[in-house]
file target.cif (mmCIF, C-alpha atoms; chains and numbers go by the auth columns)
data_model
#
loop_
_atom_site.group_PDB
_atom_site.id
_atom_site.type_symbol
_atom_site.label_atom_id
_atom_site.label_comp_id
_atom_site.label_asym_id
_atom_site.label_seq_id
_atom_site.Cartn_x
_atom_site.Cartn_y
_atom_site.Cartn_z
_atom_site.B_iso_or_equiv
_atom_site.auth_seq_id
_atom_site.auth_asym_id
ATOM 1 C CA MET A 1 93.039 138.687 58.147 0.00 1 A
ATOM 2 C CA ARG A 2 94.116 138.986 61.717 0.00 2 A
ATOM 3 C CA LEU A 3 95.432 136.005 63.643 0.00 3 A
ATOM 4 C CA GLU A 4 92.350 135.947 65.911 0.00 4 A
ATOM 5 C CA SER A 5 90.054 135.789 62.875 0.00 5 A
ATOM 6 C CA LEU A 6 92.062 132.953 61.338 0.00 6 A
ATOM 7 C CA THR A 7 92.007 131.035 64.618 0.00 7 A
ATOM 8 C CA ILE A 8 88.246 131.442 64.945 0.00 8 A
ATOM 9 C CA ALA A 9 87.702 130.427 61.304 0.00 9 A
ATOM 10 C CA ALA A 10 89.862 127.311 61.765 0.00 10 A
ATOM 11 C CA PHE A 11 87.935 126.397 64.921 0.00 11 A
ATOM 12 C CA VAL A 12 84.561 126.812 63.199 0.00 12 A
ATOM 13 C CA ILE A 13 85.629 124.749 60.192 0.00 13 A
ATOM 14 C CA GLY A 14 87.146 122.036 62.431 0.00 14 A
ATOM 15 C CA SER A 15 84.027 121.929 64.615 0.00 15 A
ATOM 16 C CA SER A 16 81.816 121.683 61.530 0.00 16 A
ATOM 17 C CA LEU A 17 83.840 118.780 60.117 0.00 17 A
ATOM 18 C CA THR A 18 83.761 116.960 63.468 0.00 18 A
ATOM 19 C CA ALA A 19 79.990 117.445 63.737 0.00 19 A
ATOM 20 C CA PHE A 20 79.564 116.271 60.124 0.00 20 A
ATOM 21 C CA ALA A 21 81.674 113.153 60.736 0.00 21 A
ATOM 22 C CA GLN A 22 79.734 112.260 63.895 0.00 22 A
ATOM 23 C CA SER A 23 76.436 112.872 62.090 0.00 23 A
ATOM 24 C CA ALA A 24 77.570 110.890 59.044 0.00 24 A
ATOM 25 C CA GLU A 25 78.791 107.945 61.110 0.00 25 A
ATOM 26 C CA SER A 26 75.554 107.646 63.063 0.00 26 A
ATOM 27 C CA GLY A 27 73.475 108.375 59.950 0.00 27 A
ATOM 28 C CA ILE A 28 75.099 105.755 57.733 0.00 28 A
ATOM 29 C CA ALA A 29 74.099 102.757 59.856 0.00 29 A
ATOM 30 C CA GLY A 30 71.229 100.941 58.148 0.00 30 A
ATOM 31 C CA ALA A 31 70.226 99.547 54.770 0.00 31 A
ATOM 32 C CA TRP A 32 70.832 101.529 51.572 0.00 32 A
ATOM 33 C CA THR A 33 70.301 100.863 47.873 0.00 33 A
ATOM 34 C CA SER A 34 71.234 102.675 44.692 0.00 34 A
ATOM 35 C CA GLY A 35 68.256 104.130 42.930 0.00 35 A
ATOM 36 C CA SER A 36 65.989 107.114 42.683 0.00 36 A
ATOM 37 C CA ASP A 37 63.164 105.920 44.926 0.00 37 A
ATOM 38 C CA VAL A 38 62.356 103.416 47.668 0.00 38 A
ATOM 39 C CA ASP A 39 60.955 100.880 45.179 0.00 39 A
ATOM 40 C CA ALA A 40 64.598 99.968 44.486 0.00 40 A
ATOM 41 C CA CYS A 41 64.750 98.538 48.046 0.00 41 A
ATOM 42 C CA ASP A 42 62.633 95.586 46.838 0.00 42 A
ATOM 43 C CA THR A 43 64.609 94.800 43.681 0.00 43 A
ATOM 44 C CA SER A 44 68.171 96.156 43.874 0.00 44 A
ATOM 45 C CA PRO A 45 71.293 95.225 45.809 0.00 45 A
ATOM 46 C CA ILE A 46 71.261 96.368 49.450 0.00 46 A
ATOM 47 C CA THR A 47 74.338 97.660 51.259 0.00 47 A
ATOM 48 C CA HIS A 48 73.813 97.151 54.985 0.00 48 A
ATOM 49 C CA PHE A 49 76.045 99.267 57.220 0.00 49 A
ATOM 50 C CA MET A 50 75.925 97.816 60.725 0.00 50 A
ATOM 51 C CA SER A 51 76.557 99.963 63.794 0.00 51 A
ATOM 52 C CA ASP A 52 79.535 97.800 64.834 0.00 52 A
ATOM 53 C CA GLY A 53 81.473 98.681 61.662 0.00 53 A
ATOM 54 C CA VAL A 54 80.519 95.642 59.570 0.00 54 A
ATOM 55 C CA VAL A 55 79.184 96.159 56.043 0.00 55 A
ATOM 56 C CA ALA A 56 77.392 93.465 54.036 0.00 56 A
ATOM 57 C CA VAL A 57 76.122 93.652 50.460 0.00 57 A
ATOM 58 C CA PHE A 58 73.116 91.516 49.517 0.00 58 A
ATOM 59 C CA MET A 59 71.953 90.995 45.927 0.00 59 A
ATOM 60 C CA LYS A 60 68.494 92.067 47.159 0.00 60 A
ATOM 61 C CA LYS A 61 66.649 92.034 50.476 0.00 61 A
ATOM 62 C CA ASP A 62 65.797 88.322 50.153 0.00 62 A
ATOM 63 C CA GLY A 63 68.786 87.456 47.973 0.00 63 A
ATOM 64 C CA ASP A 64 72.283 86.070 48.351 0.00 64 A
ATOM 65 C CA LEU A 65 75.056 87.651 50.383 0.00 65 A
ATOM 66 C CA HIS A 66 77.482 89.152 47.853 0.00 66 A
ATOM 67 C CA SER A 67 80.273 90.523 50.062 0.00 67 A
ATOM 68 C CA LEU A 68 81.367 91.401 53.595 0.00 68 A
ATOM 69 C CA GLY A 69 83.665 94.062 54.943 0.00 69 A
ATOM 70 C CA SER A 70 84.135 96.861 57.407 0.00 70 A
ATOM 71 C CA TRP A 71 83.439 100.579 57.349 0.00 71 A
ATOM 72 C CA SER A 72 84.387 103.714 59.264 0.00 72 A
ATOM 73 C CA VAL A 73 84.057 107.481 58.925 0.00 73 A
ATOM 74 C CA ALA A 74 86.691 110.157 59.526 0.00 74 A
ATOM 75 C CA ASP A 75 85.829 113.772 58.786 0.00 75 A
ATOM 76 C CA THR A 76 84.009 113.587 55.426 0.00 76 A
ATOM 77 C CA GLU A 77 85.566 110.306 54.272 0.00 77 A
ATOM 78 C CA LEU A 78 84.001 106.832 54.333 0.00 78 A
ATOM 79 C CA THR A 79 86.518 103.969 54.334 0.00 79 A
ATOM 80 C CA MET A 80 85.250 100.487 53.407 0.00 80 A
ATOM 81 C CA THR A 81 86.572 97.043 52.618 0.00 81 A
ATOM 82 C CA HIS A 82 84.654 94.925 50.137 0.00 82 A
ATOM 83 C CA ASN A 83 85.384 91.188 50.263 0.00 83 A
ATOM 84 C CA ASP A 84 83.483 89.277 47.582 0.00 84 A
ATOM 85 C CA PHE A 85 82.530 85.623 47.850 0.00 85 A
ATOM 86 C CA PRO A 86 84.129 83.171 47.689 0.00 86 A
ATOM 87 C CA LEU A 87 86.213 84.491 50.591 0.00 87 A
ATOM 88 C CA SER A 88 89.894 83.637 50.653 0.00 88 A
ATOM 89 C CA GLY A 89 90.836 81.086 53.305 0.00 89 A
ATOM 90 C CA ASP A 90 93.821 83.215 54.373 0.00 90 A
ATOM 91 C CA GLY A 91 91.437 85.760 55.933 0.00 91 A
ATOM 92 C CA LYS A 92 93.079 88.751 54.243 0.00 92 A
ATOM 93 C CA SER A 93 90.689 91.537 53.294 0.00 93 A
ATOM 94 C CA ASN A 94 90.856 93.419 50.030 0.00 94 A
ATOM 95 C CA PRO A 95 92.459 96.861 50.251 0.00 95 A
ATOM 96 C CA ALA A 96 90.172 99.514 51.707 0.00 96 A
ATOM 97 C CA ILE A 97 88.545 102.051 49.424 0.00 97 A
ATOM 98 C CA LYS A 98 87.937 105.651 50.415 0.00 98 A
ATOM 99 C CA LEU A 99 84.843 107.592 49.395 0.00 99 A
ATOM 100 C CA ASP A 100 84.138 111.279 49.908 0.00 100 A
ATOM 101 C CA ILE A 101 80.771 111.812 51.597 0.00 101 A
ATOM 102 C CA LEU A 102 79.073 114.589 49.664 0.00 102 A
ATOM 103 C CA THR A 103 75.710 114.570 51.438 0.00 103 A
ATOM 104 C CA ILE A 104 73.850 112.458 53.924 0.00 104 A
ATOM 105 C CA ASP A 105 70.453 112.887 55.513 0.00 105 A
ATOM 106 C CA ALA A 106 67.684 110.631 56.780 0.00 106 A
ATOM 107 C CA SER A 107 66.823 109.283 53.325 0.00 107 A
ATOM 108 C CA ARG A 108 69.691 110.043 50.907 0.00 108 A
ATOM 109 C CA PHE A 109 73.435 109.328 50.971 0.00 109 A
ATOM 110 C CA VAL A 110 75.785 110.492 48.181 0.00 110 A
ATOM 111 C CA THR A 111 79.471 109.567 47.865 0.00 111 A
ATOM 112 C CA ARG A 112 82.222 110.186 45.307 0.00 112 A
ATOM 113 C CA ASN A 113 85.042 107.727 44.565 0.00 113 A
ATOM 114 C CA SER A 114 88.662 108.544 43.654 0.00 114 A
ATOM 115 C CA ASP A 115 87.720 108.601 39.947 0.00 115 A
ATOM 116 C CA GLY A 116 85.176 111.369 40.619 0.00 116 A
ATOM 117 C CA VAL A 117 82.157 109.091 40.099 0.00 117 A
ATOM 118 C CA GLU A 118 79.237 109.955 42.370 0.00 118 A
ATOM 119 C CA ARG A 119 76.828 107.358 43.755 0.00 119 A
ATOM 120 C CA ALA A 120 73.491 108.196 45.330 0.00 120 A
ATOM 121 C CA ARG A 121 71.850 105.769 47.722 0.00 121 A
ATOM 122 C CA ILE A 122 68.312 105.698 49.113 0.00 122 A
ATOM 123 C CA ARG A 123 67.658 104.512 52.676 0.00 123 A
ATOM 124 C CA CYS A 124 65.556 101.348 52.899 0.00 124 A
ATOM 125 C CA GLN A 125 63.382 101.956 55.959 0.00 125 A
ATOM 126 C CA ASN A 126 61.653 99.188 57.848 0.00 126 A
ATOM 127 C CA ILE A 127 62.934 96.275 55.774 0.00 127 A
ATOM 128 C CA GLU A 128 64.273 92.961 56.932 0.00 128 A
ATOM 129 C CA ILE A 129 67.041 91.233 55.062 0.00 129 A
ATOM 130 C CA SER A 130 66.282 87.525 55.020 0.00 130 A
ATOM 131 C CA MET A 131 68.523 85.975 52.358 0.00 131 A
ATOM 132 C CA GLY A 132 65.437 84.012 51.421 0.00 132 A
ATOM 133 C CA HIS A 133 64.933 82.212 54.743 0.00 133 A
ATOM 134 C CA ASP A 134 63.578 82.792 58.216 0.00 134 A
ATOM 135 C CA ASN A 135 65.729 82.871 61.328 0.00 135 A
ATOM 136 C CA HIS A 136 66.589 79.388 62.547 0.00 136 A
ATOM 137 C CA ASP A 137 68.038 78.336 65.872 0.00 137 A
ATOM 138 C CA HIS A 138 71.851 78.205 65.858 0.00 138 A
#
call {"tool": "encode", "arguments": {"input": "target.cif", "output": "structure tokens"}}
result
Amino acid sequence: MRLESLTIAAFVIGSSLTAFAQSAESGIAGAWTSGSDVDACDTSPITHFMSDGVVAVFMKKDGDLHSLGSWSVADTELTMTHNDFPLSGDGKSNPAIKLDILTIDASRFVTRNSDGVERARIRCQNIEISMGHDNHDH
């Protein structure tokens, strides 16, 4: 291959990865559950990726808060912390985990961990996570 062809190929691949990362980051925000269909949104744990980089895992949409953490995307990699309750009083987060993003679209999100295990998530549209109570004044 000529140098010009290699340069163009590298640019196209780099541009594609950047576009994927931007698409993945904006597409991840929202509520997701493991399962094969949206019925799982009513009965299974919900991972809620918030647009400010916070992630919270609820036992179900009206269930207890299981863990808190942070998330970010770089290229095709999702980095997350997962801090289970009870939280340590020292404020130190657990080490971050890195997941490869295999696919993401409006309704499906598939990742692979460092052990090669894939996890498919279904987007939970139009749900509210209540933890079993209504909003009260602070």
call {"tool": "residues_around", "arguments": {"input": "target.cif", "residues": "Ser93 of chain A", "least_positions_apart": "5", "cutoff": "9 Å", "atoms": "only C-alpha atoms", "output": "PyMOL selection string"}}
result
chain A and resi 69+81-83+87-88
call {"tool": "residues_around", "arguments": {"input": "target.cif", "residues": "His48 of chain A", "least_positions_apart": "3", "cutoff": "8 Å", "atoms": "all atoms listed in the file", "output": "list in words"}}
result
Ala29, Gly30, Ala31, Trp32, Val55, Ala56, Val57 and Phe58 of chain A
call {"tool": "closest_residue", "arguments": {"input": "target.cif", "among": "A:Phe49, A:Asp37, A:Asp62, A:Leu99", "to": "Ile127 of chain A", "atoms": "only C-alpha atoms"}}
result
A:Asp62
call {"tool": "axis_aligned_box", "arguments": {"input": "target.cif", "around": "segment 105-121 of chain A", "padding_each_side": "4 Å", "output": "AutoDock Vina command-line options"}}
result
--center_x 77.7 --center_y 109.3 --center_z 48.4 --size_x 29.8 --size_y 15.1 --size_z 24.8
call {"tool": "atom_distance", "arguments": {"input": "target.cif", "atom1": "atom CA of Val73 of chain A", "atom2": "atom CA of Ala40 of chain A"}}
result
25.4 Å
call {"tool": "closest_residue", "arguments": {"input": "target.cif", "among": "A:Glu118, A:Met80, A:Met59, A:Ile97", "to": "Thr33 of chain A", "atoms": "only C-alpha atoms"}}
result
A:Met59
call {"tool": "atom_distance", "arguments": {"input": "target.cif", "atom1": "atom CA of Ser70 of chain A", "atom2": "atom CA of Val117 of chain A"}}
result
21.3 Å
call {"tool": "atom_distance", "arguments": {"input": "target.cif", "atom1": "atom CA of Ser107 of chain A", "atom2": "atom CA of Gln125 of chain A"}}
result
8.5 Å
call {"tool": "closest_residue", "arguments": {"input": "target.cif", "among": "A:Ser36, A:Thr103, A:Asn113, A:Thr79", "to": "Gly53 of chain A", "atoms": "only C-alpha atoms"}}
result
A:Thr79
call {"tool": "residues_around", "arguments": {"input": "target.cif", "residues": "Arg119 of chain A", "least_positions_apart": "3", "cutoff": "8 Å", "atoms": "only C-alpha atoms", "output": "list in words"}}
result
Ser34, Val110, Thr111 and Arg112 of chain A
call {"tool": "closest_residue", "arguments": {"input": "target.cif", "among": "A:Ala120, A:Ile101, A:Met131, A:Leu78", "to": "His66 of chain A", "atoms": "all atoms listed in the file"}}
result
A:Met131
call {"tool": "build_atoms", "arguments": {"input": "target.cif", "residues": "segment 31-57 of chain A", "atoms": "N, CA and C atoms", "output": "short mmCIF file (atom, residue, chain, number, x, y, z; two decimals), keeping the file's coordinate frame"}}
result
data_model
loop_
_atom_site.label_atom_id
_atom_site.label_comp_id
_atom_site.auth_asym_id
_atom_site.auth_seq_id
_atom_site.Cartn_x
_atom_site.Cartn_y
_atom_site.Cartn_z
N ALA A 31 70.26 100.15 56.11
CA ALA A 31 70.23 99.55 54.77
C ALA A 31 70.04 100.62 53.71
N TRP A 32 70.85 100.56 52.66
CA TRP A 32 70.83 101.53 51.57
C TRP A 32 70.86 100.80 50.23
N THR A 33 70.24 101.40 49.23
CA THR A 33 70.30 100.86 47.87
C THR A 33 70.51 101.99 46.88
N SER A 34 71.12 101.69 45.76
CA SER A 34 71.23 102.68 44.69
C SER A 34 69.90 102.76 43.99
N GLY A 35 69.52 103.94 43.62
CA GLY A 35 68.26 104.13 42.93
C GLY A 35 67.69 105.50 43.21
N SER A 36 66.59 105.79 42.54
CA SER A 36 65.99 107.11 42.68
C SER A 36 64.80 107.13 43.63
N ASP A 37 64.28 105.95 43.98
CA ASP A 37 63.16 105.92 44.93
C ASP A 37 63.18 104.62 45.72
N VAL A 38 62.33 104.55 46.74
CA VAL A 38 62.36 103.42 47.67
C VAL A 38 61.92 102.10 47.04
N ASP A 39 61.30 102.13 45.85
CA ASP A 39 60.96 100.88 45.18
C ASP A 39 62.20 100.03 44.90
N ALA A 40 63.35 100.69 44.75
CA ALA A 40 64.60 99.97 44.49
C ALA A 40 64.97 99.06 45.67
N CYS A 41 64.45 99.36 46.87
CA CYS A 41 64.75 98.54 48.05
C CYS A 41 64.22 97.11 47.89
N ASP A 42 63.21 96.91 47.05
CA ASP A 42 62.63 95.59 46.84
C ASP A 42 63.33 94.80 45.74
N THR A 43 64.09 95.49 44.87
CA THR A 43 64.61 94.80 43.68
C THR A 43 66.11 94.93 43.46
N SER A 44 66.76 95.86 44.13
CA SER A 44 68.17 96.16 43.87
C SER A 44 69.06 95.66 45.01
N PRO A 45 70.37 95.60 44.74
CA PRO A 45 71.29 95.22 45.81
C PRO A 45 71.18 96.18 47.00
N ILE A 46 71.35 95.62 48.20
CA ILE A 46 71.26 96.37 49.45
C ILE A 46 72.63 96.37 50.11
N THR A 47 73.12 97.55 50.46
CA THR A 47 74.34 97.66 51.26
C THR A 47 73.89 97.94 52.68
N HIS A 48 74.25 97.05 53.59
CA HIS A 48 73.81 97.15 54.98
C HIS A 48 75.01 97.52 55.86
N PHE A 49 75.00 98.77 56.33
CA PHE A 49 76.04 99.27 57.22
C PHE A 49 75.59 99.01 58.65
N MET A 50 76.29 98.15 59.35
CA MET A 50 75.92 97.82 60.72
C MET A 50 76.66 98.72 61.71
N SER A 51 76.02 99.00 62.83
CA SER A 51 76.56 99.96 63.79
C SER A 51 77.89 99.53 64.41
N ASP A 52 78.25 98.26 64.29
CA ASP A 52 79.54 97.80 64.83
C ASP A 52 80.67 97.86 63.82
N GLY A 53 80.42 98.51 62.66
CA GLY A 53 81.47 98.68 61.66
C GLY A 53 81.53 97.60 60.60
N VAL A 54 80.58 96.68 60.60
CA VAL A 54 80.52 95.64 59.57
C VAL A 54 79.63 96.14 58.44
N VAL A 55 80.02 95.85 57.20
CA VAL A 55 79.18 96.16 56.04
C VAL A 55 78.98 94.87 55.26
N ALA A 56 77.74 94.64 54.83
CA ALA A 56 77.39 93.46 54.04
C ALA A 56 76.58 93.93 52.83
N VAL A 57 76.87 93.33 51.68
CA VAL A 57 76.12 93.65 50.46
C VAL A 57 75.34 92.41 50.06
#
